[in-house]
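run_4.txt follows (compact mmCIF, C-alpha atoms):
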# COMPACT_ATOMS: atom_id res chain seq x y z
CA MET X 24 21.29 9.99 18.61
CA SER X 25 22.27 13.58 17.79
CA ASP X 26 25.88 12.46 17.40
CA ASP X 27 24.74 9.66 15.15
CA GLN X 28 22.78 12.08 13.02
CA SER X 29 25.82 14.11 12.14
CA LEU X 30 27.63 10.93 11.18
CA LEU X 31 24.72 9.49 9.28
CA SER X 32 26.08 8.11 6.07
CA ARG X 33 24.18 6.60 3.19
CA ARG X 34 25.35 3.24 4.44
CA ASN X 35 24.01 3.95 7.91
CA ALA X 36 20.79 5.19 6.44
CA LEU X 37 20.41 2.01 4.46
CA LYS X 38 21.19 0.04 7.58
CA CYS X 39 18.39 1.88 9.35
CA MET X 40 16.03 0.92 6.61
CA ALA X 41 17.17 -2.67 6.69
CA TYR X 42 16.68 -3.10 10.40
CA GLY X 43 13.77 -0.76 10.83
CA GLY X 44 13.78 0.58 14.33
CA ALA X 45 12.69 3.57 16.30
CA GLY X 46 9.55 4.64 14.59
CA THR X 47 7.77 5.46 11.43
CA LEU X 48 6.95 8.77 9.82
CA PHE X 49 3.91 8.74 7.57
CA ALA X 50 3.63 10.87 4.48
CA LEU X 51 0.58 10.93 2.25
CA SER X 52 1.75 9.98 -1.23
CA GLY X 53 -0.34 9.05 -4.23
CA GLY X 54 -3.30 8.16 -2.09
CA VAL X 55 -1.25 5.95 0.18
CA PHE X 56 0.64 6.69 3.35
CA THR X 57 4.27 5.86 2.83
CA PRO X 58 6.27 4.86 5.89
CA ILE X 59 9.65 6.53 6.20
CA ASP X 60 12.35 5.39 8.55
CA LEU X 61 12.39 7.98 11.29
CA ALA X 62 16.16 8.27 11.61
CA MET X 63 16.20 9.07 7.90
CA ALA X 64 13.34 11.49 8.20
CA ALA X 65 15.20 13.26 10.98
CA SER X 66 18.07 13.79 8.61
CA ASP X 67 16.81 16.16 5.95
CA LYS X 68 19.64 15.61 3.50
CA TYR X 69 18.47 12.12 2.69
CA GLY X 70 15.38 13.36 1.06
CA ALA X 71 12.74 12.44 3.60
CA ALA X 72 11.62 16.06 3.64
CA LYS X 73 10.89 15.87 -0.06
CA LEU X 74 8.23 13.31 0.77
CA GLY X 75 6.17 16.08 2.23
CA LYS X 76 4.97 17.76 5.35
CA PRO X 77 5.23 15.50 8.39
CA LEU X 78 1.63 14.94 9.41
CA PHE X 79 2.10 12.74 12.41
CA VAL X 80 4.43 10.27 14.06
CA GLN X 81 3.25 6.89 15.30
CA ILE X 82 4.80 5.64 18.53
CA SER X 83 3.82 2.23 19.78
CA ASP X 84 4.36 -0.35 22.49
CA THR X 85 6.42 1.75 24.88
CA HIS X 86 5.78 -0.84 27.66
CA ILE X 87 6.86 1.47 30.48
CA GLY X 88 7.50 -0.79 33.49
CA PHE X 89 9.15 -3.58 31.51
CA ASN X 90 12.55 -4.35 33.01
CA LYS X 91 13.60 -7.76 31.72
CA GLU X 92 16.69 -8.81 29.85
CA ALA X 93 15.24 -8.01 26.41
CA ASN X 94 15.55 -4.30 27.33
CA PRO X 95 16.34 -3.27 30.91
CA ASP X 96 15.98 0.43 29.95
CA VAL X 97 12.66 1.05 28.19
CA ASN X 98 12.64 4.60 29.59
CA GLY X 99 15.94 5.24 27.84
CA THR X 100 14.83 3.88 24.48
CA LEU X 101 11.59 5.90 24.65
CA THR X 102 13.61 9.00 25.45
CA GLN X 103 15.89 8.27 22.47
CA THR X 104 12.80 7.89 20.31
CA ILE X 105 11.41 11.21 21.51
CA ASP X 106 14.76 12.87 20.80
CA ILE X 107 14.58 11.59 17.22
CA VAL X 108 11.10 13.06 16.81
CA ASN X 109 12.18 16.33 18.41
CA GLY X 110 15.15 16.41 16.04
CA MET X 111 13.04 16.29 12.89
CA SER X 112 13.53 19.40 10.78
CA ALA X 113 9.78 19.93 10.52
CA GLN X 114 7.86 18.88 13.61
CA PRO X 115 4.91 16.55 13.13
CA GLU X 116 1.64 18.14 14.19
CA LEU X 117 0.37 15.04 15.98
CA ILE X 118 1.67 12.02 17.79
CA ILE X 119 -0.37 8.83 17.65
CA HIS X 120 0.37 6.16 20.25
CA THR X 121 -1.02 2.78 19.22
CA GLY X 122 -1.09 1.25 22.67
CA ASP X 123 0.76 -0.74 25.27
CA ILE X 124 1.83 2.53 26.81
CA THR X 125 2.55 0.55 29.98
CA HIS X 126 3.57 -3.03 30.66
CA LEU X 127 1.25 -3.88 33.57
CA SER X 128 -1.36 -1.08 33.73
CA LYS X 129 0.12 0.14 37.01
CA PRO X 130 -0.59 3.74 38.05
CA ALA X 131 3.14 4.43 38.51
CA GLU X 132 3.84 3.15 35.00
CA PHE X 133 1.20 5.42 33.45
CA ASP X 134 2.49 8.35 35.49
CA LEU X 135 6.06 7.77 34.34
CA ALA X 136 4.98 7.36 30.71
CA GLN X 137 3.07 10.64 30.80
CA GLN X 138 6.07 12.33 32.37
CA LEU X 139 8.36 11.00 29.62
CA PHE X 140 5.91 12.13 26.91
CA THR X 141 6.15 15.72 28.16
CA ARG X 142 9.61 15.77 26.55
CA LEU X 143 7.95 15.72 23.09
CA ARG X 144 7.97 19.08 21.30
CA THR X 145 4.74 18.01 19.61
CA THR X 146 2.22 18.21 22.39
CA GLU X 147 -0.92 16.81 20.71
CA MET X 148 -1.04 13.07 21.33
CA HIS X 149 -3.85 10.68 20.46
CA THR X 150 -3.90 7.22 21.99
CA VAL X 151 -5.64 3.88 21.89
CA PRO X 152 -5.06 1.27 24.60
CA GLY X 153 -3.24 -2.02 24.24
CA GLU X 154 -4.14 -5.12 26.22
CA HIS X 155 -1.23 -4.32 28.54
CA ASP X 156 -2.95 -1.00 29.35
CA THR X 157 -6.22 -2.68 30.30
CA SER X 158 -4.88 -5.58 32.39
CA ASP X 159 -5.73 -3.98 35.75
CA ALA X 160 -8.61 -5.81 37.38
CA THR X 161 -10.94 -2.81 37.13
CA VAL X 162 -9.75 -1.58 33.67
CA THR X 163 -9.73 1.99 34.91
CA GLU X 164 -6.12 3.20 34.93
CA TYR X 165 -5.93 3.86 31.16
CA PHE X 166 -9.35 5.49 30.97
CA ASN X 167 -8.71 7.70 33.99
CA ARG X 168 -5.82 9.25 32.06
CA PHE X 169 -6.65 8.90 28.37
CA GLY X 170 -10.38 8.23 28.32
CA LYS X 171 -11.56 11.81 27.82
CA ALA X 172 -11.14 11.86 24.00
CA SER X 173 -13.48 8.89 23.65
CA ASN X 174 -15.83 9.61 26.55
CA ASN X 175 -14.33 6.48 28.15
CA LYS X 176 -15.44 4.28 25.26
CA GLY X 177 -11.99 3.78 23.77
CA TYR X 178 -13.04 4.75 20.22
CA TYR X 179 -13.28 8.22 18.70
CA SER X 180 -12.57 10.21 15.57
CA PHE X 181 -11.19 13.61 14.63
CA ASP X 182 -10.19 15.54 11.54
CA HIS X 183 -6.83 17.08 10.90
CA TYR X 184 -5.41 18.59 7.71
CA GLY X 185 -8.25 17.15 5.66
CA VAL X 186 -7.57 13.64 6.94
CA HIS X 187 -10.20 11.77 8.96
CA PHE X 188 -8.66 9.88 11.87
CA ILE X 189 -10.45 7.02 13.63
CA GLY X 190 -9.06 5.51 16.83
CA LEU X 191 -10.47 2.10 17.74
CA ILE X 192 -10.23 -0.29 20.69
CA ASN X 193 -9.87 -4.01 20.01
CA VAL X 194 -8.32 -5.23 23.25
CA LEU X 195 -11.46 -5.72 25.34
CA GLN X 196 -14.10 -8.41 24.85
CA PHE X 197 -11.50 -11.09 24.29
CA LYS X 198 -12.94 -14.38 23.33
CA PRO X 199 -10.96 -17.26 24.84
CA GLY X 200 -8.62 -18.72 22.28
CA GLY X 201 -9.57 -15.97 19.85
CA LEU X 202 -8.42 -12.76 18.29
CA GLY X 203 -9.07 -9.16 19.26
CA THR X 204 -12.63 -7.90 18.91
CA LEU X 205 -14.18 -4.58 17.90
CA GLY X 206 -17.74 -5.55 18.80
CA ASP X 207 -21.10 -4.63 17.28
CA GLU X 208 -21.52 -1.36 19.17
CA GLN X 209 -18.19 0.01 17.99
CA LEU X 210 -18.76 -1.18 14.40
CA ALA X 211 -22.14 0.56 14.37
CA TRP X 212 -20.47 3.73 15.61
CA VAL X 213 -17.91 3.55 12.77
CA ALA X 214 -20.72 3.17 10.24
CA ALA X 215 -22.41 6.29 11.62
CA ASP X 216 -19.10 8.15 11.75
CA LEU X 217 -18.31 7.42 8.10
CA LYS X 218 -21.83 8.02 6.81
CA GLY X 219 -21.98 10.94 4.42
CA ARG X 220 -18.22 11.36 4.22
CA SER X 221 -16.80 11.85 0.76
CA ALA X 222 -14.93 8.86 -0.64
CA SER X 223 -12.10 11.24 -1.44
CA THR X 224 -11.46 11.91 2.26
CA PRO X 225 -8.19 10.24 3.29
CA VAL X 226 -8.89 8.01 6.28
CA VAL X 227 -6.41 6.89 8.92
CA VAL X 228 -7.60 4.12 11.23
CA PHE X 229 -5.47 3.24 14.25
CA ALA X 230 -5.88 0.52 16.86
CA HIS X 231 -3.51 -1.55 18.95
CA MET X 232 -3.94 -5.08 17.64
CA PRO X 233 -3.58 -5.67 13.90
CA LEU X 234 -6.86 -5.11 12.03
CA TRP X 235 -5.91 -7.90 9.65
CA THR X 236 -4.95 -11.42 10.55
CA ILE X 237 -1.19 -11.74 10.60
CA TYR X 238 -0.93 -14.89 12.71
CA GLU X 239 -4.04 -16.33 14.30
CA PRO X 240 -2.37 -18.85 16.68
CA TRP X 241 -0.77 -15.91 18.51
CA GLY X 242 -3.89 -13.77 18.36
CA TRP X 243 -2.26 -11.35 15.90
CA GLY X 244 -5.48 -10.15 14.34
CA THR X 245 -9.01 -8.93 15.01
CA GLY X 246 -11.84 -11.40 14.58
CA ASP X 247 -14.46 -8.98 13.24
CA ALA X 248 -12.12 -6.65 11.30
CA ASP X 249 -13.75 -7.69 8.00
CA GLN X 250 -16.89 -5.79 9.03
CA LEU X 251 -14.73 -2.70 9.46
CA MET X 252 -12.92 -3.13 6.14
CA SER X 253 -16.18 -3.47 4.24
CA GLN X 254 -17.06 0.04 5.48
CA LEU X 255 -13.69 1.46 4.46
CA ARG X 256 -13.41 0.03 0.95
CA ARG X 257 -15.28 2.87 -0.74
CA PHE X 258 -12.66 5.39 0.34
CA GLY X 259 -9.83 6.23 -2.02
CA SER X 260 -7.10 6.35 0.62
CA VAL X 261 -7.22 4.31 3.78
CA THR X 262 -4.26 3.76 6.08
CA VAL X 263 -4.60 1.24 8.90
CA LEU X 264 -1.99 1.55 11.63
CA ASN X 265 -1.41 -0.95 14.41
CA GLY X 266 1.19 -1.96 16.96
CA HIS X 267 1.13 -5.04 19.19
CA ILE X 268 3.55 -7.27 17.29
CA HIS X 269 6.67 -5.10 17.80
CA GLN X 270 7.82 -5.34 14.19
CA ILE X 271 6.93 -3.92 10.82
CA VAL X 272 4.54 -5.90 8.67
CA GLN X 273 2.80 -4.25 5.72
CA LYS X 274 0.14 -5.16 3.24
CA VAL X 275 -1.73 -3.24 0.54
CA GLU X 276 -5.21 -4.40 -0.38
CA GLY X 277 -6.97 -2.20 -2.91
CA ASN X 278 -6.96 1.32 -1.50
CA ILE X 279 -6.20 0.11 2.02
CA THR X 280 -2.64 0.10 3.30
CA PHE X 281 -1.97 -1.88 6.48
CA HIS X 282 1.09 -1.15 8.57
CA THR X 283 2.26 -2.34 11.97
CA ALA X 284 4.87 -0.26 13.81
CA ARG X 285 7.94 -1.24 15.71
CA SER X 286 7.97 -0.97 19.48
CA THR X 287 10.16 1.48 21.34
CA SER X 288 10.73 -1.12 24.08
CA TYR X 289 11.67 -4.62 22.92
CA PRO X 290 11.41 -6.74 19.78
CA GLN X 291 9.19 -9.79 19.43
CA PRO X 292 9.80 -12.91 17.37
CA VAL X 293 8.61 -13.33 13.82
CA ALA X 294 5.18 -15.03 13.73
CA GLY X 295 5.30 -18.66 14.85
CA VAL X 296 8.95 -18.70 15.90
CA GLY X 297 9.30 -19.93 19.49
CA SER X 298 6.72 -20.65 22.16
CA GLY X 299 4.85 -17.36 21.95
CA PRO X 300 4.90 -13.62 21.36
CA GLY X 301 7.12 -12.71 24.31
CA PRO X 302 10.12 -10.41 24.54
CA LEU X 303 12.85 -11.37 22.08
CA LYS X 304 16.34 -11.21 23.54
CA VAL X 305 18.90 -9.93 21.05
CA PRO X 306 22.53 -8.88 21.52
CA ALA X 307 22.66 -5.42 23.10
CA ASP X 308 24.30 -3.88 20.04
CA GLN X 309 21.40 -5.00 17.85
CA LEU X 310 18.56 -3.80 20.05
CA ALA X 311 18.34 -0.17 18.95
CA ALA X 312 18.07 -1.20 15.31
CA MET X 313 14.98 -3.26 16.15
CA LEU X 314 13.14 -0.45 17.94
CA GLY X 315 11.53 2.54 16.30
CA ILE X 316 8.66 4.74 15.25
CA THR X 317 6.68 5.52 12.13
CA SER X 318 6.03 8.97 10.76
CA VAL X 319 3.54 10.09 8.15
CA SER X 320 3.96 13.02 5.82
CA VAL X 321 1.59 14.73 3.47
CA VAL X 322 2.90 14.94 -0.07
CA LYS X 323 1.53 17.95 -1.95
CA HIS X 324 -2.08 17.03 -1.33
CA PRO X 325 -3.69 15.30 1.64
CA SER X 326 -4.73 12.42 -0.56
CA SER X 327 -1.08 11.58 -0.79
CA LEU X 328 0.50 10.21 2.37
CA ALA X 329 3.97 8.75 2.83
CA LEU X 330 4.94 6.41 5.65
CA ASN X 331 8.44 6.38 7.02
CA ASP X 332 9.86 3.92 9.55
CA THR X 333 12.77 4.96 11.71
CA ALA X 334 15.05 2.86 13.87
CA LEU X 335 16.85 4.04 16.98
CA ALA X 336 20.14 2.99 15.40
CA MET R 10 -21.94 -43.99 89.83
CA ASN R 11 -18.55 -44.79 91.30
CA ILE R 12 -15.38 -42.91 90.55
CA ARG R 13 -13.98 -45.63 88.28
CA ARG R 14 -17.16 -45.63 86.18
CA THR R 15 -17.08 -41.84 85.91
CA GLN R 16 -13.50 -41.98 84.74
CA MET R 17 -14.45 -44.56 82.16
CA LEU R 18 -17.30 -42.36 80.93
CA LEU R 19 -15.00 -39.34 80.79
CA THR R 20 -12.50 -41.42 78.89
CA ALA R 21 -15.22 -42.56 76.56
CA ALA R 22 -16.34 -38.93 76.15
CA GLY R 23 -12.72 -38.01 75.46
CA MET R 24 -12.48 -40.72 72.87
CA LEU R 25 -15.66 -39.45 71.29
CA ILE R 26 -14.20 -35.97 71.19
CA LEU R 27 -10.97 -37.36 69.74
CA GLY R 28 -13.02 -39.38 67.32
CA ALA R 29 -14.93 -36.31 66.31
CA MET R 30 -11.64 -34.48 65.87
CA GLU R 31 -10.33 -37.29 63.75
CA VAL R 32 -13.32 -36.86 61.51
CA TYR R 33 -13.09 -33.10 61.68
CA LEU R 34 -9.34 -32.70 61.07
CA PRO R 35 -9.30 -34.24 57.59
CA SER R 36 -12.17 -31.97 56.58
CA VAL R 37 -10.09 -28.99 57.73
CA ALA R 38 -7.30 -30.32 55.54
CA GLU R 39 -9.72 -30.55 52.62
CA THR R 40 -11.01 -27.01 52.91
CA SER R 41 -7.47 -25.62 53.17
CA ASP R 42 -6.36 -27.71 50.22
CA THR R 43 -4.16 -25.83 47.81
CA ALA R 44 -3.26 -26.45 44.21
CA LYS R 45 -0.98 -24.73 41.77
CA ILE R 46 -1.16 -23.79 38.12
CA VAL R 47 1.76 -22.24 36.31
CA ALA R 48 1.69 -20.02 33.24
CA LYS R 49 4.79 -20.90 31.26
CA ASP R 50 5.64 -20.78 27.57
CA PHE R 51 2.20 -19.22 26.97
CA MET R 52 0.35 -22.21 28.43
CA PHE R 53 -1.46 -22.92 31.70
CA ASN R 54 -0.39 -26.15 33.37
CA PRO R 55 -1.89 -28.40 34.57
CA THR R 56 -5.26 -28.05 32.90
CA PRO R 57 -7.87 -29.22 33.59
CA LEU R 58 -7.09 -29.17 37.30
CA THR R 59 -9.46 -31.02 39.66
CA VAL R 60 -9.81 -29.85 43.27
CA LYS R 61 -12.31 -30.26 46.08
CA ALA R 62 -14.73 -27.51 47.06
CA GLY R 63 -13.01 -25.06 49.37
CA ALA R 64 -9.61 -25.47 47.74
CA THR R 65 -7.47 -22.45 46.94
CA VAL R 66 -5.77 -22.44 43.57
CA THR R 67 -2.69 -20.30 43.01
CA TRP R 68 -1.57 -19.30 39.51
CA THR R 69 2.06 -18.22 39.05
CA ASN R 70 3.47 -16.56 35.96
CA MET R 71 6.79 -18.13 34.95
CA ASP R 72 7.12 -16.22 31.65
CA ASP R 73 8.97 -12.98 30.90
CA GLU R 74 5.68 -11.72 29.49
CA PRO R 75 2.83 -10.71 31.84
CA HIS R 76 -0.29 -12.86 32.01
CA THR R 77 -3.68 -12.52 33.62
CA VAL R 78 -6.20 -15.05 34.93
CA VAL R 79 -9.76 -14.12 34.02
CA SER R 80 -12.79 -16.34 34.62
CA ASP R 81 -15.14 -16.64 31.65
CA THR R 82 -18.07 -15.95 33.96
CA GLY R 83 -16.41 -13.10 35.84
CA ALA R 84 -16.13 -15.19 39.01
CA PHE R 85 -12.49 -14.16 39.42
CA LYS R 86 -10.02 -11.88 37.73
CA SER R 87 -6.40 -11.14 38.46
CA GLY R 88 -4.60 -7.98 37.48
CA GLY R 89 -1.56 -8.26 35.23
CA LEU R 90 0.91 -10.72 36.74
CA ASP R 91 4.55 -9.96 36.10
CA THR R 92 7.22 -12.68 36.14
CA ASN R 93 7.00 -14.78 39.33
CA GLU R 94 3.88 -12.99 40.54
CA SER R 95 0.92 -15.05 41.71
CA PHE R 96 -2.83 -14.82 42.02
CA SER R 97 -5.01 -17.05 44.24
CA TYR R 98 -8.71 -17.83 44.29
CA LYS R 99 -10.68 -20.03 46.70
CA PHE R 100 -13.25 -22.24 45.00
CA ASP R 101 -16.16 -22.68 47.43
CA LYS R 102 -18.72 -24.13 45.06
CA PRO R 103 -18.47 -27.27 42.91
CA GLY R 104 -18.51 -26.63 39.20
CA THR R 105 -16.39 -26.23 36.10
CA TYR R 106 -14.53 -22.95 35.83
CA HIS R 107 -12.95 -21.92 32.54
CA PHE R 108 -10.41 -19.12 32.53
CA THR R 109 -8.23 -17.31 30.03
CA CYS R 110 -5.35 -14.84 29.90
CA SER R 111 -6.85 -11.57 28.69
CA ILE R 112 -3.48 -10.51 27.28
CA HIS R 113 -3.04 -13.77 25.34
CA PRO R 114 -6.54 -15.15 24.82
CA ARG R 115 -5.27 -18.36 23.25
CA MET R 116 -4.08 -19.27 26.78
CA VAL R 117 -7.02 -21.08 28.31
CA GLY R 118 -7.50 -23.46 31.23
CA THR R 119 -10.09 -25.16 33.38
CA VAL R 120 -10.52 -25.83 37.10
CA VAL R 121 -13.00 -28.57 37.99
CA VAL R 122 -14.29 -28.25 41.56
CA GLN R 123 -15.89 -31.39 43.06
Rewrite the structure of this file - the entire thing - as structure tokens.
Amino acid sequence: MSDDQSLLSRRNALKCMAYGGAGTLFALSGGVFTPIDLAMAASDKYGAAKLGKPLFVQISDTHIGFNKEANPDVNGTLTQTIDIVNGMSAQPELIIHTGDITHLSKPAEFDLAQQLFTRLRTTEMHTVPGEHDTSDATVTEYFNRFGKASNNKGYYSFDHYGVHFIGLINVLQFKPGGLGTLGDEQLAWVAADLKGRSASTPVVVFAHMPLWTIYEPWGWGTGDADQLMSQLRRFGSVTVLNGHIHQIVQKVEGNITFHTARSTSYPQPVAGVGSGPGPLKVPADQLAAMLGITSVSVVKHPSSLALNDTALA
Amino acid sequence: MNIRRTQMLLTAAGMLILGAMEVYLPSVAETSDTAKIVAKDFMFNPTPLTVKAGATVTWTNMDDEPHTVVSDTGAFKSGGLDTNESFSYKFDKPGTYHFTCSIHPRMVGTVVVQ
């Protein structure tokens, strides 16, 4: 990717934007996080830096352990992604991983993922699990490694640079035939967590499955997300970040901006195309353009966030 | 009791034993009965599946995407099954068992045990 960066032309940059790939940088801008293509953000001369201080980078759906035709080298594409982040002129202070760290919740997959993450120059990483991280029969492998932040509950919050971050878990308590679920206990915790917070506090909510219904037949949504949104509506700037669907889908509803990130592993079909949300096989030369990250920058004031999506190619 | 009569009785006893075995053998076949369900194209097939008590059902994932098999009541639960991996469960008690894939909860199925 470093070679590509030096050759990055406006045309290439536009191509990156068109395909949307490696990841997304988020910048706070005018009360809304603006996603910025990461390959562009990594290249200062295209103005990404003007969008503000990189606050964090969202990485999602790394699926370490996946080895099928859709991408036989998920370790390689994650490493490429990390190199893009490391190559940013100003390093993000945080990394947020929105789940599906592993493909099959195997100990060796988690170990390898953690080893690959050590390559990141930004060392502070916050995670939420995907359903692929909790598919072991005892649902312990993820929590043994990443459960400390949430006291093994899967949900937690923290403050950084004046922004309130809330990590949520919506991949347990599946109802057959249904969507993801937050559950009453977690929703009550959110209510207590938000109580007394100023409406001017920018809020970033991140969870694996979309917190808005993108496509119900494939379970691309969270059944009780409305109860969460009703608690968030009073805030002036809310950014909701998810993974799970391996492609960028965005929506703005009032002060709430919804954004799903690309995967670093393999693309998935557009909603409803094909038999289900499995790995999408694309020609090898198109793969990198369909993988990526999202980064978020703060523009002037924390109430202003800009999101930036970046493809691997 | 003469020798011939004893032989006849022994033969009769042997036939009884054989007869008992004939009754017993099919019941062995029943309890070791096996049935298969595949997960393919994000569907379990066949469903509902009817088996006799004591049967072992094997689920095999034929998709590129992992699936799990999780009983609604917690009676059985597989880990994540990669492509071509299988999970088996022996159904000892009659009843209706609903299951789902925890990764893709729209994938549901039923085993009816008689």
* Within 12 Å of chain X, which residues of chain R show up when using all atoms listed in the file, listed as a ChimeraX atom specification? -> /R:49-52,71-83,85-92,94,96,107-119
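Here CA of Tyr238 in chain X and CA of His86 in chain X stand 21.6 Å from one another.
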* Asked: When distances are computed from all atoms listed in the file, which of X:Ala113, X:Tyr289, X:His183, X:Ile316 shows the smallest separation from Lys304 in chain X?
  -> X:Tyr289
* Choose the residue, out of R:Thr67, R:Thr43, R:Asn54, R:Tyr98, that has the smallest atom-to-atom separation from Ala84 in chain R; count all atoms listed in the file. => R:Tyr98
* Asked: Could you name the residues that touch Val121 in chain R at 10 Å or less, counting all atoms listed in the file, but leaving out those on the same chain fewer than 6 positions away, as a list in words?
  -> Thr56, Pro57, Leu58, Thr59, Val60, Lys61, Ala62, Phe100, Pro103, Gly104, Thr105, Tyr106 and His107 of chain R
* Structure fact -> Phe79 in chain X proximity check over X:Ser318, X:Asn331, X:Ser221, X:Ser173, using only C-alpha atoms: winner is X:Ser318
* Top pick for closest residue to Lys99 in chain R, considering R:Ala64, R:Val47, R:Val120, R:Thr69 and counting all atoms listed in the file -> R:Ala64
* Which neighbours of range 206-208 of chain X fall inside 8 Å, counting all atoms listed in the file, when residues of the same chain fewer than 2 positions from it are skipped, and could you give them as a ChimeraX atom specification? -> /X:196,204,210-212,247
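Interatomic distance, CA of His120 in chain X against CA of Pro306 in chain X: 26.8 Å.
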* **Pick from R:Lys45, R:Gly63, R:Gln123, R:Pro55, whichever lies nearest to Ser95 in chain R using only C-alpha atoms** => R:Lys45
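Interatomic distance, CA of Val108 in chain X to CA of Ser286 in chain X: 14.6 Å.
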Report, as lines of an AutoDock Vina configuration file, the axis-aligned box around all atoms of range 51-57 of chain R present in the file, extended by 8 Å on each side; give centre and edge lengths in Å to one decimal place.
center_x = -2.8
center_y = -24.2
center_z = 30.8
size_x = 26.1
size_y = 26.0
size_z = 23.6
For range 229-234 of chain X, please output as a compact mmCIF listing (two decimals) with C-alpha atoms, in the coordinates of the input all residues within 8 Å (counting all atoms listed in the file; exclusion window: fewer than 4 positions along the same chain).
# COMPACT_ATOMS: atom_id res chain seq x y z
CA THR X 121 -1.02 2.78 19.22
CA GLY X 122 -1.09 1.25 22.67
CA ASP X 123 0.76 -0.74 25.27
CA VAL X 151 -5.64 3.88 21.89
CA PRO X 152 -5.06 1.27 24.60
CA GLY X 153 -3.24 -2.02 24.24
CA PHE X 188 -8.66 9.88 11.87
CA ILE X 189 -10.45 7.02 13.63
CA GLY X 190 -9.06 5.51 16.83
CA LEU X 191 -10.47 2.10 17.74
CA ILE X 192 -10.23 -0.29 20.69
CA ASN X 193 -9.87 -4.01 20.01
CA VAL X 194 -8.32 -5.23 23.25
CA GLY X 203 -9.07 -9.16 19.26
CA TRP X 243 -2.26 -11.35 15.90
CA GLY X 244 -5.48 -10.15 14.34
CA THR X 245 -9.01 -8.93 15.01
CA ALA X 248 -12.12 -6.65 11.30
CA VAL X 263 -4.60 1.24 8.90
CA LEU X 264 -1.99 1.55 11.63
CA ASN X 265 -1.41 -0.95 14.41
CA GLY X 266 1.19 -1.96 16.96
CA HIS X 267 1.13 -5.04 19.19
CA ILE X 268 3.55 -7.27 17.29
CA THR X 283 2.26 -2.34 11.97
